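Text of protein25.cif, listed as mmCIF, N, CA and C atoms:
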```
data_run
loop_
_atom_site.label_atom_id
_atom_site.label_comp_id
_atom_site.auth_asym_id
_atom_site.auth_seq_id
_atom_site.Cartn_x
_atom_site.Cartn_y
_atom_site.Cartn_z
N ALA A 1 -6.01 -29.11 -0.93
CA ALA A 1 -7.42 -28.89 -1.20
C ALA A 1 -7.74 -27.41 -1.26
N GLU A 2 -7.09 -26.60 -0.42
CA GLU A 2 -7.37 -25.17 -0.43
C GLU A 2 -6.95 -24.54 -1.75
N ALA A 3 -5.79 -24.94 -2.28
CA ALA A 3 -5.34 -24.39 -3.55
C ALA A 3 -6.32 -24.70 -4.68
N ILE A 4 -6.88 -25.88 -4.65
CA ILE A 4 -7.86 -26.27 -5.68
C ILE A 4 -9.13 -25.43 -5.52
N ALA A 5 -9.61 -25.28 -4.30
CA ALA A 5 -10.83 -24.49 -4.06
C ALA A 5 -10.63 -23.04 -4.49
N LEU A 6 -9.48 -22.45 -4.19
CA LEU A 6 -9.21 -21.07 -4.58
C LEU A 6 -9.16 -20.93 -6.10
N ALA A 7 -8.54 -21.89 -6.75
CA ALA A 7 -8.46 -21.86 -8.22
C ALA A 7 -9.85 -22.00 -8.84
N LEU A 8 -10.63 -22.95 -8.36
CA LEU A 8 -11.97 -23.16 -8.91
C LEU A 8 -12.86 -21.93 -8.72
N ALA A 9 -12.70 -21.25 -7.60
CA ALA A 9 -13.52 -20.07 -7.31
C ALA A 9 -13.25 -18.93 -8.29
N GLU A 10 -12.07 -18.89 -8.86
CA GLU A 10 -11.71 -17.81 -9.80
C GLU A 10 -12.06 -18.11 -11.25
N LEU A 11 -12.33 -19.34 -11.57
CA LEU A 11 -12.57 -19.69 -12.97
C LEU A 11 -13.84 -19.06 -13.51
N PRO A 12 -13.82 -18.65 -14.77
CA PRO A 12 -15.06 -18.17 -15.37
C PRO A 12 -16.03 -19.34 -15.55
N ALA A 13 -17.30 -19.03 -15.62
CA ALA A 13 -18.33 -20.08 -15.73
C ALA A 13 -18.14 -20.92 -16.98
N ASP A 14 -17.53 -20.37 -18.03
CA ASP A 14 -17.38 -21.09 -19.29
C ASP A 14 -16.01 -21.75 -19.46
N TYR A 15 -15.31 -22.02 -18.35
CA TYR A 15 -14.00 -22.67 -18.47
C TYR A 15 -14.20 -24.11 -18.97
N ASP A 16 -13.15 -24.64 -19.58
CA ASP A 16 -13.17 -26.03 -20.04
C ASP A 16 -12.27 -26.93 -19.20
N LEU A 17 -11.07 -26.44 -18.87
CA LEU A 17 -10.08 -27.29 -18.23
C LEU A 17 -9.25 -26.48 -17.25
N LEU A 18 -9.00 -27.06 -16.09
CA LEU A 18 -8.07 -26.48 -15.12
C LEU A 18 -7.00 -27.52 -14.84
N TYR A 19 -5.77 -27.23 -15.25
CA TYR A 19 -4.66 -28.10 -14.90
C TYR A 19 -4.43 -27.97 -13.40
N LEU A 20 -4.24 -29.07 -12.71
CA LEU A 20 -3.92 -29.03 -11.28
C LEU A 20 -2.45 -29.31 -11.03
N HIS A 21 -1.80 -29.90 -12.00
CA HIS A 21 -0.38 -30.21 -11.87
C HIS A 21 0.35 -29.75 -13.13
N VAL A 22 1.43 -29.02 -12.92
CA VAL A 22 2.31 -28.62 -14.02
C VAL A 22 3.71 -29.07 -13.61
N PRO A 23 4.37 -29.89 -14.43
CA PRO A 23 5.73 -30.29 -14.07
C PRO A 23 6.60 -29.05 -13.83
N PRO A 24 7.43 -29.07 -12.79
CA PRO A 24 8.22 -27.88 -12.43
C PRO A 24 9.01 -27.28 -13.60
N ARG A 25 9.50 -28.11 -14.50
CA ARG A 25 10.31 -27.55 -15.59
C ARG A 25 9.48 -26.76 -16.59
N PHE A 26 8.15 -26.92 -16.57
CA PHE A 26 7.28 -26.18 -17.48
C PHE A 26 6.52 -25.04 -16.79
N PHE A 27 6.59 -24.96 -15.46
CA PHE A 27 5.80 -23.98 -14.72
C PHE A 27 6.15 -22.56 -15.13
N ARG A 28 5.10 -21.73 -15.26
CA ARG A 28 5.28 -20.30 -15.58
C ARG A 28 4.36 -19.46 -14.70
N ASP A 29 4.83 -18.29 -14.38
CA ASP A 29 4.02 -17.26 -13.73
C ASP A 29 4.61 -15.93 -14.16
N ASP A 30 4.24 -15.51 -15.35
CA ASP A 30 4.80 -14.29 -15.91
C ASP A 30 3.70 -13.51 -16.64
N ASP A 31 4.02 -12.33 -17.10
CA ASP A 31 3.03 -11.47 -17.75
C ASP A 31 2.40 -12.10 -18.98
N GLY A 32 3.10 -13.01 -19.63
CA GLY A 32 2.58 -13.64 -20.84
C GLY A 32 1.43 -14.61 -20.60
N VAL A 33 1.21 -14.99 -19.35
CA VAL A 33 0.14 -15.96 -19.06
C VAL A 33 -0.88 -15.42 -18.05
N ARG A 34 -0.81 -14.15 -17.71
CA ARG A 34 -1.76 -13.58 -16.75
C ARG A 34 -3.18 -13.73 -17.27
N ALA A 35 -4.11 -13.98 -16.36
CA ALA A 35 -5.53 -14.05 -16.70
C ALA A 35 -6.25 -12.97 -15.89
N TYR A 36 -7.34 -12.47 -16.46
CA TYR A 36 -8.07 -11.36 -15.85
C TYR A 36 -9.56 -11.69 -15.79
N HIS A 37 -10.21 -11.18 -14.76
CA HIS A 37 -11.64 -11.37 -14.60
C HIS A 37 -12.35 -10.75 -15.79
N HIS A 38 -13.27 -11.49 -16.41
CA HIS A 38 -13.89 -11.03 -17.66
C HIS A 38 -14.77 -9.80 -17.49
N GLU A 39 -15.25 -9.51 -16.29
CA GLU A 39 -16.10 -8.33 -16.09
C GLU A 39 -15.35 -7.16 -15.47
N THR A 40 -14.54 -7.42 -14.48
CA THR A 40 -13.87 -6.34 -13.75
C THR A 40 -12.49 -6.01 -14.30
N GLY A 41 -11.89 -6.94 -15.03
CA GLY A 41 -10.53 -6.73 -15.53
C GLY A 41 -9.48 -6.96 -14.46
N ARG A 42 -9.90 -7.37 -13.27
CA ARG A 42 -8.98 -7.62 -12.17
C ARG A 42 -8.10 -8.84 -12.48
N GLU A 43 -6.83 -8.72 -12.17
CA GLU A 43 -5.90 -9.84 -12.37
C GLU A 43 -6.28 -10.98 -11.43
N LEU A 44 -6.36 -12.19 -11.96
CA LEU A 44 -6.68 -13.36 -11.15
C LEU A 44 -5.46 -13.75 -10.32
N ARG A 45 -5.68 -14.07 -9.06
CA ARG A 45 -4.58 -14.36 -8.14
C ARG A 45 -4.18 -15.82 -8.11
N HIS A 46 -5.09 -16.72 -8.47
CA HIS A 46 -4.83 -18.15 -8.25
C HIS A 46 -4.71 -18.96 -9.54
N VAL A 47 -5.12 -18.41 -10.66
CA VAL A 47 -5.00 -19.11 -11.93
C VAL A 47 -4.46 -18.17 -13.00
N CYS A 48 -3.85 -18.78 -14.00
CA CYS A 48 -3.40 -18.03 -15.16
C CYS A 48 -3.88 -18.77 -16.40
N ALA A 49 -3.75 -18.12 -17.53
CA ALA A 49 -4.13 -18.76 -18.79
C ALA A 49 -3.20 -19.94 -19.02
N ALA A 50 -3.74 -20.99 -19.61
CA ALA A 50 -2.91 -22.17 -19.88
C ALA A 50 -1.80 -21.82 -20.85
N TYR A 51 -0.73 -22.52 -20.75
CA TYR A 51 0.45 -22.37 -21.60
C TYR A 51 0.93 -23.78 -21.90
N GLU A 52 2.17 -23.98 -22.23
CA GLU A 52 2.70 -25.31 -22.52
C GLU A 52 2.85 -26.09 -21.22
N CYS A 53 1.73 -26.53 -20.65
CA CYS A 53 1.72 -27.21 -19.35
C CYS A 53 2.21 -28.65 -19.44
N TRP A 54 1.94 -29.32 -20.54
CA TRP A 54 2.38 -30.70 -20.79
C TRP A 54 2.08 -31.65 -19.65
N SER A 55 0.83 -31.64 -19.20
CA SER A 55 0.47 -32.56 -18.14
C SER A 55 -1.03 -32.75 -18.08
N LEU A 56 -1.46 -33.99 -18.03
CA LEU A 56 -2.83 -34.32 -17.65
C LEU A 56 -2.78 -35.23 -16.44
N THR A 57 -1.77 -35.00 -15.59
CA THR A 57 -1.62 -35.78 -14.37
C THR A 57 -2.83 -35.60 -13.49
N ALA A 58 -3.26 -34.36 -13.33
CA ALA A 58 -4.44 -34.04 -12.52
C ALA A 58 -5.07 -32.80 -13.12
N TYR A 59 -6.37 -32.86 -13.32
CA TYR A 59 -7.06 -31.71 -13.89
C TYR A 59 -8.53 -31.79 -13.56
N VAL A 60 -9.19 -30.65 -13.67
CA VAL A 60 -10.64 -30.55 -13.51
C VAL A 60 -11.17 -30.14 -14.87
N VAL A 61 -12.22 -30.81 -15.28
CA VAL A 61 -12.80 -30.49 -16.59
C VAL A 61 -14.30 -30.24 -16.41
N SER A 62 -14.80 -29.22 -17.08
CA SER A 62 -16.23 -28.93 -17.03
C SER A 62 -16.96 -29.88 -17.97
N ALA A 63 -18.29 -29.89 -17.90
CA ALA A 63 -19.06 -30.73 -18.82
C ALA A 63 -18.80 -30.32 -20.26
N ALA A 64 -18.77 -29.02 -20.52
CA ALA A 64 -18.48 -28.55 -21.88
C ALA A 64 -17.06 -28.94 -22.29
N GLY A 65 -16.12 -28.85 -21.34
CA GLY A 65 -14.74 -29.25 -21.63
C GLY A 65 -14.63 -30.73 -21.93
N ALA A 66 -15.38 -31.54 -21.20
CA ALA A 66 -15.37 -32.99 -21.46
C ALA A 66 -15.88 -33.28 -22.87
N ALA A 67 -16.93 -32.58 -23.27
CA ALA A 67 -17.45 -32.77 -24.63
C ALA A 67 -16.40 -32.38 -25.67
N LYS A 68 -15.66 -31.31 -25.40
CA LYS A 68 -14.62 -30.88 -26.34
C LYS A 68 -13.48 -31.89 -26.40
N LEU A 69 -13.11 -32.46 -25.24
CA LEU A 69 -12.06 -33.48 -25.24
C LEU A 69 -12.52 -34.72 -26.01
N LEU A 70 -13.78 -35.11 -25.84
CA LEU A 70 -14.31 -36.23 -26.61
C LEU A 70 -14.29 -35.91 -28.11
N ASP A 71 -14.64 -34.68 -28.47
CA ASP A 71 -14.59 -34.29 -29.88
C ASP A 71 -13.17 -34.42 -30.44
N LEU A 72 -12.18 -34.04 -29.63
CA LEU A 72 -10.78 -34.20 -30.08
C LEU A 72 -10.49 -35.66 -30.40
N CYS A 73 -10.98 -36.55 -29.55
CA CYS A 73 -10.74 -37.98 -29.76
C CYS A 73 -11.48 -38.49 -30.99
N VAL A 74 -12.72 -38.05 -31.15
CA VAL A 74 -13.52 -38.48 -32.30
C VAL A 74 -12.90 -37.98 -33.61
N GLU A 75 -12.38 -36.75 -33.59
CA GLU A 75 -11.74 -36.18 -34.78
C GLU A 75 -10.50 -36.97 -35.17
N GLY A 76 -9.91 -37.63 -34.20
CA GLY A 76 -8.70 -38.42 -34.44
C GLY A 76 -7.50 -37.73 -33.84
N LEU A 77 -6.80 -38.44 -32.99
CA LEU A 77 -5.62 -37.90 -32.33
C LEU A 77 -4.38 -38.20 -33.16
N ASP A 78 -3.55 -37.19 -33.33
CA ASP A 78 -2.27 -37.39 -34.00
C ASP A 78 -1.12 -37.35 -32.98
N ALA A 79 -1.50 -37.34 -31.70
CA ALA A 79 -0.54 -37.29 -30.60
C ALA A 79 -1.26 -37.80 -29.36
N PRO A 80 -0.54 -38.05 -28.27
CA PRO A 80 -1.22 -38.42 -27.02
C PRO A 80 -2.23 -37.34 -26.62
N LEU A 81 -3.26 -37.73 -25.89
CA LEU A 81 -4.30 -36.79 -25.49
C LEU A 81 -3.72 -35.58 -24.77
N MET A 82 -2.70 -35.79 -23.95
CA MET A 82 -2.07 -34.67 -23.25
C MET A 82 -1.61 -33.60 -24.23
N ALA A 83 -0.95 -34.02 -25.30
CA ALA A 83 -0.44 -33.06 -26.29
C ALA A 83 -1.57 -32.44 -27.08
N ALA A 84 -2.57 -33.24 -27.44
CA ALA A 84 -3.71 -32.71 -28.20
C ALA A 84 -4.50 -31.71 -27.36
N ALA A 85 -4.68 -32.00 -26.07
CA ALA A 85 -5.40 -31.07 -25.19
C ALA A 85 -4.61 -29.78 -25.03
N ASN A 86 -3.29 -29.90 -24.86
CA ASN A 86 -2.46 -28.71 -24.70
C ASN A 86 -2.51 -27.85 -25.96
N ARG A 87 -2.44 -28.49 -27.11
CA ARG A 87 -2.51 -27.75 -28.38
C ARG A 87 -3.86 -27.05 -28.51
N ALA A 88 -4.95 -27.73 -28.12
CA ALA A 88 -6.29 -27.13 -28.19
C ALA A 88 -6.41 -25.95 -27.23
N ALA A 89 -5.75 -26.04 -26.07
CA ALA A 89 -5.75 -24.92 -25.12
C ALA A 89 -4.99 -23.73 -25.70
N LEU A 90 -3.87 -24.02 -26.34
CA LEU A 90 -3.05 -22.93 -26.88
C LEU A 90 -3.69 -22.25 -28.08
N ASP A 91 -4.44 -23.01 -28.87
CA ASP A 91 -5.06 -22.37 -30.05
C ASP A 91 -6.49 -21.89 -29.79
N GLY A 92 -6.94 -21.98 -28.54
CA GLY A 92 -8.23 -21.41 -28.17
C GLY A 92 -9.43 -22.32 -28.28
N ARG A 93 -9.24 -23.57 -28.69
CA ARG A 93 -10.38 -24.49 -28.76
C ARG A 93 -10.82 -24.95 -27.39
N LEU A 94 -9.92 -24.93 -26.42
CA LEU A 94 -10.25 -25.21 -25.02
C LEU A 94 -9.93 -23.96 -24.21
N LYS A 95 -10.86 -23.54 -23.36
CA LYS A 95 -10.62 -22.42 -22.46
C LYS A 95 -10.00 -23.02 -21.20
N ALA A 96 -8.67 -22.98 -21.15
CA ALA A 96 -7.94 -23.70 -20.11
C ALA A 96 -7.13 -22.76 -19.23
N PHE A 97 -6.93 -23.20 -17.99
CA PHE A 97 -6.21 -22.43 -17.00
C PHE A 97 -5.25 -23.33 -16.24
N ALA A 98 -4.28 -22.72 -15.57
CA ALA A 98 -3.29 -23.46 -14.77
C ALA A 98 -3.12 -22.74 -13.44
N PRO A 99 -2.62 -23.45 -12.43
CA PRO A 99 -2.36 -22.79 -11.14
C PRO A 99 -1.33 -21.69 -11.31
N ARG A 100 -1.53 -20.60 -10.63
CA ARG A 100 -0.62 -19.47 -10.79
C ARG A 100 0.60 -19.55 -9.89
N THR A 101 0.44 -20.05 -8.69
CA THR A 101 1.56 -20.01 -7.75
C THR A 101 2.40 -21.28 -7.76
N ALA A 102 1.79 -22.41 -8.00
CA ALA A 102 2.48 -23.69 -8.08
C ALA A 102 1.42 -24.73 -8.40
N SER A 103 1.83 -25.93 -8.65
CA SER A 103 0.85 -26.97 -8.91
C SER A 103 -0.05 -27.13 -7.69
N ALA A 104 -1.33 -27.32 -7.95
CA ALA A 104 -2.28 -27.49 -6.86
C ALA A 104 -2.18 -28.89 -6.25
N VAL A 105 -1.61 -29.82 -6.99
CA VAL A 105 -1.35 -31.17 -6.48
C VAL A 105 0.08 -31.54 -6.83
N ASP A 106 0.61 -32.52 -6.14
CA ASP A 106 1.98 -32.96 -6.33
C ASP A 106 1.99 -34.41 -6.79
N SER A 107 2.77 -34.69 -7.81
CA SER A 107 2.87 -36.08 -8.28
C SER A 107 3.76 -36.92 -7.38
N ARG A 108 4.48 -36.27 -6.47
CA ARG A 108 5.39 -36.94 -5.53
C ARG A 108 6.40 -37.83 -6.24
N GLY A 109 6.75 -37.45 -7.45
CA GLY A 109 7.74 -38.19 -8.20
C GLY A 109 7.21 -39.43 -8.88
N ALA A 110 5.90 -39.67 -8.78
CA ALA A 110 5.33 -40.89 -9.35
C ALA A 110 5.53 -40.96 -10.85
N LEU A 111 5.39 -39.84 -11.53
CA LEU A 111 5.54 -39.88 -12.98
C LEU A 111 6.96 -40.22 -13.41
N ALA A 112 7.93 -39.71 -12.67
CA ALA A 112 9.32 -40.03 -13.00
C ALA A 112 9.57 -41.53 -12.85
N LEU A 113 9.03 -42.12 -11.81
CA LEU A 113 9.19 -43.56 -11.60
C LEU A 113 8.45 -44.36 -12.68
N ALA A 114 7.24 -43.93 -13.01
CA ALA A 114 6.44 -44.66 -13.99
C ALA A 114 7.01 -44.54 -15.40
N ALA A 115 7.66 -43.43 -15.68
CA ALA A 115 8.18 -43.21 -17.01
C ALA A 115 9.57 -43.81 -17.22
N SER A 116 10.21 -44.21 -16.15
CA SER A 116 11.55 -44.79 -16.25
C SER A 116 11.46 -46.25 -16.66
N PRO A 117 12.16 -46.64 -17.72
CA PRO A 117 12.15 -48.05 -18.11
C PRO A 117 12.63 -48.99 -17.00
N LYS A 118 13.45 -48.47 -16.08
CA LYS A 118 13.97 -49.30 -14.99
C LYS A 118 12.91 -49.61 -13.94
N THR A 119 11.91 -48.75 -13.77
CA THR A 119 10.93 -48.95 -12.70
C THR A 119 9.49 -49.07 -13.21
N ALA A 120 9.25 -48.84 -14.46
CA ALA A 120 7.87 -48.83 -14.99
C ALA A 120 7.15 -50.15 -14.76
N ASP A 121 7.87 -51.27 -14.89
CA ASP A 121 7.21 -52.56 -14.73
C ASP A 121 6.81 -52.85 -13.29
N ARG A 122 7.36 -52.12 -12.34
CA ARG A 122 7.00 -52.29 -10.93
C ARG A 122 5.99 -51.26 -10.47
N PHE A 123 5.56 -50.40 -11.34
CA PHE A 123 4.73 -49.28 -10.91
C PHE A 123 3.28 -49.48 -11.29
N PHE A 124 2.88 -49.13 -12.46
CA PHE A 124 1.52 -49.37 -12.92
C PHE A 124 1.55 -49.54 -14.42
N PRO A 125 0.64 -50.34 -14.96
CA PRO A 125 0.64 -50.56 -16.40
C PRO A 125 0.19 -49.33 -17.16
N SER A 126 0.86 -49.03 -18.24
CA SER A 126 0.48 -47.90 -19.08
C SER A 126 0.98 -48.13 -20.49
N ASN A 127 0.15 -47.84 -21.44
CA ASN A 127 0.61 -47.89 -22.82
C ASN A 127 0.86 -46.48 -23.33
N VAL A 128 0.82 -45.50 -22.43
CA VAL A 128 0.98 -44.12 -22.84
C VAL A 128 2.33 -43.56 -22.42
N LEU A 129 2.71 -43.76 -21.15
CA LEU A 129 3.89 -43.09 -20.65
C LEU A 129 5.16 -43.46 -21.40
N LEU A 130 5.28 -44.69 -21.85
CA LEU A 130 6.50 -45.10 -22.52
C LEU A 130 6.33 -45.20 -24.04
N THR A 131 5.21 -44.71 -24.53
CA THR A 131 4.94 -44.74 -25.98
C THR A 131 5.70 -43.62 -26.65
N PRO A 132 6.41 -43.90 -27.73
CA PRO A 132 7.11 -42.81 -28.42
C PRO A 132 6.11 -41.81 -28.98
N THR A 133 6.53 -40.57 -29.10
CA THR A 133 5.69 -39.53 -29.68
C THR A 133 5.48 -39.81 -31.15
N TRP A 134 4.26 -39.60 -31.60
CA TRP A 134 3.95 -39.83 -33.02
C TRP A 134 4.67 -38.82 -33.87
#
```
Structure rendered as structure tokens:
Amino acid sequence: AEAIALALAELPADYDLLYLHVPPRFFRDDDGVRAYHHETGRELRHVCAAYECWSLTAYVVSAAGAAKLLDLCVEGLDAPLMAAANRAALDGRLKAFAPRTASAVDSRGALALAASPKTADRFFPSNVLLTPTW
């Protein structure tokens, strides 16, 4: 909870999306994703600019961000929402951020179990996790 509070406190008022979970294999904390306070230019300590996060496991979305996500859906998705949201973050349509030090929440391996054909039927129903990419 503290990591989430610290991240939220640093976000600009006009943010759209804050990823709370980034799979370890995609996590970054390098100069290419640094974020800075829009008025002071100070480097943000708890969040960075979004990158190829590839996760909507846990996230916080602003009202404006929710409207933008709905617009993506209305426009028509050519990929799962996770991929469409990530693409919109990368091309600037969503003002998105990610945790800088590590994921603010842990999936505790749940996604690996849910995505495995051997255990998916014992976990939770989903038409997304095992759907092939378009």
Original post:
Pick the closest to Met82 of chain A from A:Pro99, A:Arg34, A:Lys68, A:Ser55: which is it, counting all atoms listed in the file?
Top reply: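 Residue with the minimum atom-to-atom distance to Met82 of chain A: A:Ser55.
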Quick one: pull the distance between atom N of Gly76 of chain A and atom C of Phe27 of chain A, Å, one decimal.
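Between atom N of Gly76 of chain A and atom C of Phe27 of chain A the gap works out to 29.1 Å.
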### Message
So the first atom is atom CA of Cys73 of chain A and the second is atom CA of Leu18 of chain A; what is the distance between them in Å, to one decimal place?
### Response
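Atom CA of Cys73 of chain A sits 18.8 Å away from atom CA of Leu18 of chain A.
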Exercise for the section: Mind giving me the straight-line distance from atom C of Cys53 of chain A to atom CA of Leu20 of chain A in Å, one decimal? Expected result: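 So the two atoms, atom C of Cys53 of chain A and atom CA of Leu20 of chain A, lie 10.2 Å apart.
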Q.
Residue by residue, what does the PyMOL selection byres ((chain A and resi 46) around 6) grab here? Present the result as a PyMOL selection string.
A. chain A and resi 6-7+44-45+47-48+98-101
To verify the selection step, state as a PDB file with N, CA and C atoms, in the frame of the given file which residues the PyMOL selection byres (((chain A and resi 31 and name CA) around 12) and name CA) yields on this input.
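Heads up, here's the output in expr33.pdb:
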```pdb
ATOM      1  N   ARG A  28       5.100 -21.730 -15.260  1.00  0.00           N
ATOM      2  CA  ARG A  28       5.280 -20.300 -15.580  1.00  0.00           C
ATOM      3  C   ARG A  28       4.360 -19.460 -14.700  1.00  0.00           C
ATOM      4  N   ASP A  29       4.830 -18.290 -14.380  1.00  0.00           N
ATOM      5  CA  ASP A  29       4.020 -17.260 -13.730  1.00  0.00           C
ATOM      6  C   ASP A  29       4.610 -15.930 -14.160  1.00  0.00           C
ATOM      7  N   ASP A  30       4.240 -15.510 -15.350  1.00  0.00           N
ATOM      8  CA  ASP A  30       4.800 -14.290 -15.910  1.00  0.00           C
ATOM      9  C   ASP A  30       3.700 -13.510 -16.640  1.00  0.00           C
ATOM     10  N   GLY A  32       3.100 -13.010 -19.630  1.00  0.00           N
ATOM     11  CA  GLY A  32       2.580 -13.640 -20.840  1.00  0.00           C
ATOM     12  C   GLY A  32       1.430 -14.610 -20.600  1.00  0.00           C
ATOM     13  N   VAL A  33       1.210 -14.990 -19.350  1.00  0.00           N
ATOM     14  CA  VAL A  33       0.140 -15.960 -19.060  1.00  0.00           C
ATOM     15  C   VAL A  33      -0.880 -15.420 -18.050  1.00  0.00           C
ATOM     16  N   ARG A  34      -0.810 -14.150 -17.710  1.00  0.00           N
ATOM     17  CA  ARG A  34      -1.760 -13.580 -16.750  1.00  0.00           C
ATOM     18  C   ARG A  34      -3.180 -13.730 -17.270  1.00  0.00           C
ATOM     19  N   ALA A  35      -4.110 -13.980 -16.360  1.00  0.00           N
ATOM     20  CA  ALA A  35      -5.530 -14.050 -16.700  1.00  0.00           C
ATOM     21  C   ALA A  35      -6.250 -12.970 -15.890  1.00  0.00           C
ATOM     22  N   TYR A  36      -7.340 -12.470 -16.460  1.00  0.00           N
ATOM     23  CA  TYR A  36      -8.070 -11.360 -15.850  1.00  0.00           C
ATOM     24  C   TYR A  36      -9.560 -11.690 -15.790  1.00  0.00           C
ATOM     25  N   GLU A  43      -6.830  -8.720 -12.170  1.00  0.00           N
ATOM     26  CA  GLU A  43      -5.900  -9.840 -12.370  1.00  0.00           C
ATOM     27  C   GLU A  43      -6.280 -10.980 -11.430  1.00  0.00           C
ATOM     28  N   LEU A  44      -6.360 -12.190 -11.960  1.00  0.00           N
ATOM     29  CA  LEU A  44      -6.680 -13.360 -11.150  1.00  0.00           C
ATOM     30  C   LEU A  44      -5.460 -13.750 -10.320  1.00  0.00           C
ATOM     31  N   CYS A  48      -3.850 -18.780 -14.000  1.00  0.00           N
ATOM     32  CA  CYS A  48      -3.400 -18.030 -15.160  1.00  0.00           C
ATOM     33  C   CYS A  48      -3.880 -18.770 -16.400  1.00  0.00           C
ATOM     34  N   ALA A  49      -3.750 -18.120 -17.530  1.00  0.00           N
ATOM     35  CA  ALA A  49      -4.130 -18.760 -18.790  1.00  0.00           C
ATOM     36  C   ALA A  49      -3.200 -19.940 -19.020  1.00  0.00           C
ATOM     37  N   TYR A  51      -0.730 -22.520 -20.750  1.00  0.00           N
ATOM     38  CA  TYR A  51       0.450 -22.370 -21.600  1.00  0.00           C
ATOM     39  C   TYR A  51       0.930 -23.780 -21.900  1.00  0.00           C
ATOM     40  N   ARG A 100      -1.530 -20.600 -10.630  1.00  0.00           N
ATOM     41  CA  ARG A 100      -0.620 -19.470 -10.790  1.00  0.00           C
ATOM     42  C   ARG A 100       0.600 -19.550  -9.890  1.00  0.00           C
TER      43      ARG A 100
END
```
- prompt: Which of these residues is nearest to Val61 of chain A, using all atoms listed in the file: A:Glu39, A:Asp16, A:Glu2, A:Glu10?
  reply: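 Among the listed residues, A:Asp16 lies closest to Val61 of chain A.
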| task | With the file shown as input, list the residues that the PyMOL selection byres (((chain A and resi 84 and name CA) around 12) and name CA) selects, as a PyMOL selection string. | result | chain A and resi 52-56+68-73+75-83+85-91+93-94+133-134
* Point (-3.5, -33.0, -13.3), cut-off 6.5 Å, counting only N, CA and C atoms, residues as a list in words ->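 With a cut-off of 6.5 Å, the residues come to Tyr19, Leu20, His21, Val22, Ser55, Leu56, Thr57, Ala58, Tyr59 and Val60 of chain A.
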Given the choices A:Ala3, A:Val74, A:Ser62, A:Ala67, which gets closest to Tyr15 of chain A if the distance is worked out from only N, CA and C atoms?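 Ranked by minimum distance to Tyr15 of chain A, first place goes to A:Ser62.
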Ranking A:Leu17, A:His38, A:Pro23, A:Ala1 by minimum distance to Lys95 of chain A and counting all atoms listed in the file, which one comes first?
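Between A:Leu17, A:His38, A:Pro23, A:Ala1, the residue approaching Lys95 of chain A most closely is A:Leu17.
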